[in-house]
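Presented below is the structure to which this report refers.
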Amino acid sequence: MSEETESVGTNTTLSDDQRDALQEIANIGMGQAGSSIARIWGEFVRLSIPRIANVERQDIPAVLQQLVGEKNILAVRQAFHGQLRGEVIIVFSGGPPSELAELMGYDDTDRIEELELLLDVSNILVGACLGGVASTLGVDIGFSAPSIMGIDISPRDLIPADEILHSRALFIEVCFTLEQRSFACHLVVMMPAGEIARLGKELDRFLETL
Amino acid sequence: MPVSVLVVDDSPIARKMLIKALPPDWDIEITQAANGIEALAAYRAGRVDVMFLDLTMPDMDGYQVLETLRKEDLNCLVIVVSADVQEKAQERVLAMGAIAFIRKPITAEGLRDVLKQYGIVV
């Protein structure tokens, strides 16, 4: 994640109303993402209720582990920018990449193709989920190319606390589970404090329309 | 006699959005529930003519509500309102007794179209 500028006096936590609105908006984005992967894989996708949490820097690795479990994971990161900035960490757990490859219809499951596959799936999920959130809020965002963050690593080691530059992060966590397979995918959206304040203003604008 | 409407969603914002989208000229009494358990309690406690039901909820989800209503001889009109827009989700809820599926975010026009289609409003 890049360094943030955090202006003094900005509200870096969300109010209950803002969190509720964000949860519902994330839910809509998540539904669109779920529909996209259901169409690709021809399988019913179970959606979780999005969870929103303000997390302090030192707690980020532990919270991440709490969200995705104890088992080693594969993770991809993808940044978004524009009127809102942040980073999405996509965590795949519960099944080997070869199972994902089978789902995507890839014949050759060598390592490079497995990794490309994870990047493809990540791109689809992030685009549908975050794109839906941005569309509902009426803001423009773009996405960088996804990149592999870690392979077969402990969730606790995914983001070492000393590498986190932000004083606080907003976690928006959604989980997709395939009904017929032991496979789950978590999307964790992390936003630095200054961006949380900006998001809060966008949510207020949205709430005023209700 | 006003139509008794039950709005079931764990999100207060989603309930507010739905209630705002209801036709202003529709003579209704609105009750709200935050999950399936509250919805069934409201259903058993009194008259519910039309239920707007979310699918993804804690404690008891929309599928479980539909299943329970079916076992208890469903006699209210259930309209599912959900962000889960998978074709299979829509097929499942219609097979389980819902009369219609409305995708989130809900709009007043979309809601009125569904209500008109079933002769609930003119």
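Quick note on naming: the chains in the structure tokens go A, B, ... in the order shown, residues restart at 1 in each chain, and ligands are numbered from 1 in order of appearance.
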
| message | Could you work out which residues of chain A fall inside 9 Å of chain B? Count only C-alpha atoms, and format the result as a PyMOL selection string. | response | chain A and resi 17+20-21+23-25+27-32+34-36+38-39+43-49+136+207+210

Take the residues from that selection and put them in a file with N, CA and C atoms, as a PDB file, in the first residue's frame.
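The file below, selection27.pdb, is the result:
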ATOM      1  N   ASP A  17     -24.789   4.691  10.835  1.00  0.00           N
ATOM      2  CA  ASP A  17     -25.579   4.840   9.605  1.00  0.00           C
ATOM      3  C   ASP A  17     -24.698   4.636   8.370  1.00  0.00           C
ATOM      4  N   ASP A  20     -23.882   0.975   8.019  1.00  0.00           N
ATOM      5  CA  ASP A  20     -25.039   0.225   7.551  1.00  0.00           C
ATOM      6  C   ASP A  20     -25.237   0.443   6.052  1.00  0.00           C
ATOM      7  N   ALA A  21     -25.089   1.720   5.636  1.00  0.00           N
ATOM      8  CA  ALA A  21     -25.243   2.028   4.208  1.00  0.00           C
ATOM      9  C   ALA A  21     -24.159   1.317   3.409  1.00  0.00           C
ATOM     10  N   GLN A  23     -22.563  -1.382   4.193  1.00  0.00           N
ATOM     11  CA  GLN A  23     -22.821  -2.828   4.198  1.00  0.00           C
ATOM     12  C   GLN A  23     -23.840  -3.198   3.127  1.00  0.00           C
ATOM     13  N   GLU A  24     -24.888  -2.382   3.030  1.00  0.00           N
ATOM     14  CA  GLU A  24     -25.927  -2.667   2.042  1.00  0.00           C
ATOM     15  C   GLU A  24     -25.402  -2.450   0.623  1.00  0.00           C
ATOM     16  N   ILE A  25     -24.613  -1.390   0.447  1.00  0.00           N
ATOM     17  CA  ILE A  25     -24.060  -1.114  -0.888  1.00  0.00           C
ATOM     18  C   ILE A  25     -23.070  -2.220  -1.280  1.00  0.00           C
ATOM     19  N   ASN A  27     -23.189  -5.210  -0.243  1.00  0.00           N
ATOM     20  CA  ASN A  27     -24.039  -6.377  -0.484  1.00  0.00           C
ATOM     21  C   ASN A  27     -24.523  -6.402  -1.939  1.00  0.00           C
ATOM     22  N   ILE A  28     -24.875  -5.222  -2.452  1.00  0.00           N
ATOM     23  CA  ILE A  28     -25.340  -5.126  -3.841  1.00  0.00           C
ATOM     24  C   ILE A  28     -24.180  -5.429  -4.801  1.00  0.00           C
ATOM     25  N   GLY A  29     -23.007  -4.857  -4.513  1.00  0.00           N
ATOM     26  CA  GLY A  29     -21.836  -5.128  -5.350  1.00  0.00           C
ATOM     27  C   GLY A  29     -21.455  -6.591  -5.314  1.00  0.00           C
ATOM     28  N   MET A  30     -21.556  -7.170  -4.139  1.00  0.00           N
ATOM     29  CA  MET A  30     -21.204  -8.563  -3.946  1.00  0.00           C
ATOM     30  C   MET A  30     -22.167  -9.486  -4.712  1.00  0.00           C
ATOM     31  N   GLY A  31     -23.431  -9.114  -4.719  1.00  0.00           N
ATOM     32  CA  GLY A  31     -24.418  -9.905  -5.461  1.00  0.00           C
ATOM     33  C   GLY A  31     -24.072  -9.943  -6.940  1.00  0.00           C
ATOM     34  N   GLN A  32     -23.621  -8.796  -7.461  1.00  0.00           N
ATOM     35  CA  GLN A  32     -23.239  -8.740  -8.873  1.00  0.00           C
ATOM     36  C   GLN A  32     -21.998  -9.600  -9.132  1.00  0.00           C
ATOM     37  N   GLY A  34     -21.048 -12.181  -7.318  1.00  0.00           N
ATOM     38  CA  GLY A  34     -21.458 -13.577  -7.160  1.00  0.00           C
ATOM     39  C   GLY A  34     -22.135 -14.103  -8.416  1.00  0.00           C
ATOM     40  N   SER A  35     -22.957 -13.256  -9.016  1.00  0.00           N
ATOM     41  CA  SER A  35     -23.645 -13.652 -10.235  1.00  0.00           C
ATOM     42  C   SER A  35     -22.646 -13.888 -11.371  1.00  0.00           C
ATOM     43  N   SER A  36     -21.596 -13.044 -11.406  1.00  0.00           N
ATOM     44  CA  SER A  36     -20.573 -13.202 -12.456  1.00  0.00           C
ATOM     45  C   SER A  36     -19.858 -14.535 -12.316  1.00  0.00           C
ATOM     46  N   ALA A  38     -20.906 -17.172 -10.704  1.00  0.00           N
ATOM     47  CA  ALA A  38     -21.863 -18.278 -10.876  1.00  0.00           C
ATOM     48  C   ALA A  38     -22.046 -18.589 -12.363  1.00  0.00           C
ATOM     49  N   ARG A  39     -22.084 -17.537 -13.174  1.00  0.00           N
ATOM     50  CA  ARG A  39     -22.234 -17.727 -14.626  1.00  0.00           C
ATOM     51  C   ARG A  39     -21.004 -18.415 -15.204  1.00  0.00           C
ATOM     52  N   GLU A  43     -22.113 -22.841 -11.189  1.00  0.00           N
ATOM     53  CA  GLU A  43     -22.413 -23.377  -9.852  1.00  0.00           C
ATOM     54  C   GLU A  43     -23.081 -22.307  -9.011  1.00  0.00           C
ATOM     55  N   PHE A  44     -23.904 -22.771  -8.070  1.00  0.00           N
ATOM     56  CA  PHE A  44     -24.549 -21.812  -7.185  1.00  0.00           C
ATOM     57  C   PHE A  44     -23.532 -21.291  -6.171  1.00  0.00           C
ATOM     58  N   VAL A  45     -23.523 -20.000  -5.997  1.00  0.00           N
ATOM     59  CA  VAL A  45     -22.568 -19.362  -5.097  1.00  0.00           C
ATOM     60  C   VAL A  45     -23.301 -18.856  -3.863  1.00  0.00           C
ATOM     61  N   ARG A  46     -22.798 -19.259  -2.699  1.00  0.00           N
ATOM     62  CA  ARG A  46     -23.393 -18.745  -1.456  1.00  0.00           C
ATOM     63  C   ARG A  46     -22.674 -17.463  -1.069  1.00  0.00           C
ATOM     64  N   LEU A  47     -23.459 -16.450  -0.755  1.00  0.00           N
ATOM     65  CA  LEU A  47     -22.900 -15.149  -0.411  1.00  0.00           C
ATOM     66  C   LEU A  47     -22.992 -14.931   1.093  1.00  0.00           C
ATOM     67  N   SER A  48     -21.953 -14.334   1.664  1.00  0.00           N
ATOM     68  CA  SER A  48     -22.012 -14.005   3.089  1.00  0.00           C
ATOM     69  C   SER A  48     -22.598 -12.602   3.251  1.00  0.00           C
ATOM     70  N   ILE A  49     -22.906 -12.255   4.482  1.00  0.00           N
ATOM     71  CA  ILE A  49     -23.285 -10.873   4.772  1.00  0.00           C
ATOM     72  C   ILE A  49     -21.981 -10.077   4.883  1.00  0.00           C
ATOM     73  N   THR A 136     -23.121   2.579  -7.297  1.00  0.00           N
ATOM     74  CA  THR A 136     -24.205   2.975  -6.384  1.00  0.00           C
ATOM     75  C   THR A 136     -23.912   4.329  -5.749  1.00  0.00           C
ATOM     76  N   LEU A 207     -26.923   8.720   1.780  1.00  0.00           N
ATOM     77  CA  LEU A 207     -27.965   8.654   2.813  1.00  0.00           C
ATOM     78  C   LEU A 207     -28.953   9.807   2.683  1.00  0.00           C
ATOM     79  N   LEU A 210     -32.076   9.189   0.647  1.00  0.00           N
ATOM     80  CA  LEU A 210     -33.091   8.219   1.115  1.00  0.00           C
ATOM     81  C   LEU A 210     -34.266   8.928   1.795  1.00  0.00           C
TER      82      LEU A 210
END

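Within 8 Å of segment 24-34 of chain B, once only C-alpha atoms are used and residues closer than 3 positions along the same chain are dropped, the contacting residues are B:Met1, B:Pro2, B:Val3, B:Ser4, B:Val5, B:Leu6, B:Val7, B:Val8, B:Asp9, B:Asp10, B:Ser11, B:Pro12, B:Arg15, B:Glu38, B:Ala39, B:Ala42, B:Val121.
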
File of the preceding selection, N, CA, C and O atoms, as a PDB file, in the first residue's frame:
ATOM      1  N   MET B   1     -59.958  -1.515   4.193  1.00  0.00           N
ATOM      2  CA  MET B   1     -58.979  -2.074   5.117  1.00  0.00           C
ATOM      3  C   MET B   1     -57.590  -2.055   4.471  1.00  0.00           C
ATOM      4  O   MET B   1     -57.412  -2.578   3.374  1.00  0.00           O
ATOM      5  N   PRO B   2     -56.609  -1.442   5.140  1.00  0.00           N
ATOM      6  CA  PRO B   2     -55.281  -1.349   4.521  1.00  0.00           C
ATOM      7  C   PRO B   2     -54.638  -2.730   4.364  1.00  0.00           C
ATOM      8  O   PRO B   2     -54.898  -3.651   5.139  1.00  0.00           O
ATOM      9  N   VAL B   3     -53.788  -2.829   3.360  1.00  0.00           N
ATOM     10  CA  VAL B   3     -53.023  -4.062   3.127  1.00  0.00           C
ATOM     11  C   VAL B   3     -51.888  -4.110   4.159  1.00  0.00           C
ATOM     12  O   VAL B   3     -51.218  -3.114   4.403  1.00  0.00           O
ATOM     13  N   SER B   4     -51.708  -5.292   4.755  1.00  0.00           N
ATOM     14  CA  SER B   4     -50.647  -5.441   5.751  1.00  0.00           C
ATOM     15  C   SER B   4     -49.349  -5.884   5.067  1.00  0.00           C
ATOM     16  O   SER B   4     -49.290  -6.956   4.459  1.00  0.00           O
ATOM     17  N   VAL B   5     -48.340  -5.029   5.157  1.00  0.00           N
ATOM     18  CA  VAL B   5     -47.062  -5.281   4.473  1.00  0.00           C
ATOM     19  C   VAL B   5     -45.967  -5.518   5.506  1.00  0.00           C
ATOM     20  O   VAL B   5     -45.820  -4.744   6.455  1.00  0.00           O
ATOM     21  N   LEU B   6     -45.215  -6.594   5.317  1.00  0.00           N
ATOM     22  CA  LEU B   6     -44.077  -6.880   6.195  1.00  0.00           C
ATOM     23  C   LEU B   6     -42.788  -6.752   5.378  1.00  0.00           C
ATOM     24  O   LEU B   6     -42.623  -7.407   4.355  1.00  0.00           O
ATOM     25  N   VAL B   7     -41.887  -5.902   5.845  1.00  0.00           N
ATOM     26  CA  VAL B   7     -40.609  -5.678   5.163  1.00  0.00           C
ATOM     27  C   VAL B   7     -39.512  -6.368   5.972  1.00  0.00           C
ATOM     28  O   VAL B   7     -39.268  -6.008   7.125  1.00  0.00           O
ATOM     29  N   VAL B   8     -38.867  -7.363   5.364  1.00  0.00           N
ATOM     30  CA  VAL B   8     -37.886  -8.174   6.087  1.00  0.00           C
ATOM     31  C   VAL B   8     -36.492  -7.967   5.478  1.00  0.00           C
ATOM     32  O   VAL B   8     -36.253  -8.346   4.323  1.00  0.00           O
ATOM     33  N   ASP B   9     -35.606  -7.365   6.231  1.00  0.00           N
ATOM     34  CA  ASP B   9     -34.215  -7.173   5.782  1.00  0.00           C
ATOM     35  C   ASP B   9     -33.376  -6.855   7.001  1.00  0.00           C
ATOM     36  O   ASP B   9     -33.824  -6.126   7.892  1.00  0.00           O
ATOM     37  N   ASP B  10     -32.159  -7.415   7.056  1.00  0.00           N
ATOM     38  CA  ASP B  10     -31.303  -7.131   8.213  1.00  0.00           C
ATOM     39  C   ASP B  10     -30.748  -5.719   8.176  1.00  0.00           C
ATOM     40  O   ASP B  10     -30.303  -5.203   9.195  1.00  0.00           O
ATOM     41  N   SER B  11     -30.768  -5.081   7.027  1.00  0.00           N
ATOM     42  CA  SER B  11     -30.232  -3.726   6.917  1.00  0.00           C
ATOM     43  C   SER B  11     -31.337  -2.683   7.083  1.00  0.00           C
ATOM     44  O   SER B  11     -32.275  -2.644   6.280  1.00  0.00           O
ATOM     45  N   PRO B  12     -31.233  -1.817   8.107  1.00  0.00           N
ATOM     46  CA  PRO B  12     -32.221  -0.738   8.255  1.00  0.00           C
ATOM     47  C   PRO B  12     -32.259   0.168   7.022  1.00  0.00           C
ATOM     48  O   PRO B  12     -33.319   0.651   6.629  1.00  0.00           O
ATOM     49  N   ARG B  15     -34.269  -1.525   4.358  1.00  0.00           N
ATOM     50  CA  ARG B  15     -35.711  -1.440   4.657  1.00  0.00           C
ATOM     51  C   ARG B  15     -36.230  -0.043   4.311  1.00  0.00           C
ATOM     52  O   ARG B  15     -37.313   0.120   3.736  1.00  0.00           O
ATOM     53  N   GLU B  38     -37.646 -12.937  13.261  1.00  0.00           N
ATOM     54  CA  GLU B  38     -38.596 -11.835  13.521  1.00  0.00           C
ATOM     55  C   GLU B  38     -39.729 -11.855  12.491  1.00  0.00           C
ATOM     56  O   GLU B  38     -40.880 -11.565  12.817  1.00  0.00           O
ATOM     57  N   ALA B  39     -39.386 -12.188  11.255  1.00  0.00           N
ATOM     58  CA  ALA B  39     -40.409 -12.216  10.193  1.00  0.00           C
ATOM     59  C   ALA B  39     -41.473 -13.265  10.498  1.00  0.00           C
ATOM     60  O   ALA B  39     -42.675 -13.000  10.383  1.00  0.00           O
ATOM     61  N   ALA B  42     -43.679 -12.208  13.335  1.00  0.00           N
ATOM     62  CA  ALA B  42     -44.674 -11.218  12.895  1.00  0.00           C
ATOM     63  C   ALA B  42     -45.776 -11.903  12.086  1.00  0.00           C
ATOM     64  O   ALA B  42     -46.960 -11.582  12.224  1.00  0.00           O
ATOM     65  N   VAL B 121     -51.525  -3.569  -6.980  1.00  0.00           N
ATOM     66  CA  VAL B 121     -51.905  -2.163  -7.123  1.00  0.00           C
ATOM     67  C   VAL B 121     -52.360  -1.976  -8.571  1.00  0.00           C
ATOM     68  O   VAL B 121     -52.053  -2.794  -9.438  1.00  0.00           O
TER      69      VAL B 121
END

| query | If you measure from atom CA of Gly194 of chain A to atom CA of Ile159 of chain A, what distance in Å do you get, rounded to one decimal? | reply | 20.1 Å

| message | Report, in Å to a single decimal, how far apart atom CA of Leu53 of chain B and atom CA of Tyr118 of chain B are. | response | 16.6 Å

| request: Mind giving me the straight-line distance from atom CA of Leu74 of chain B to atom CA of Lys116 of chain B in Å, one decimal? | output: 21.2 Å

| Of the candidates A:Glu87, A:Asp204, A:Glu179, A:Asp59, which shows the shortest atom-to-atom distance to Met149 of chain A, using only C-alpha atoms? | A:Glu87

| task | Mind listing the alpha helix (DSSP H) residues of segment 117-200 of chain A, per DSSP on the backbone, as an NGL selection string? | result | :A and (117-137 or 155-158 or 193-200)

| task | Identify all residues of chain B in strand (DSSP E or B) (DSSP on the backbone) and supply them as a list in words. | result | Val3, Ser4, Val5, Leu6, Val7, Val8, Ile28, Glu29, Ile30, Thr31, Gln32, Ala33, Val50, Met51, Phe52, Leu53, Leu77, Val78, Ile79, Val80, Val81, Ser82, Ala100, Phe101, Ile102 and Arg103 of chain B

| query | Excluding same-chain residues fewer than 4 positions from Arg112 of chain B, what lies within 10 Å of it counting only C-alpha atoms, as a list in words? | reply |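 Non-adjacent residues within range: Ala21, Leu22, Pro23, Thr107, Ala108, Lys116, Gln117, Ile120, Val121 and Val122 of chain B.
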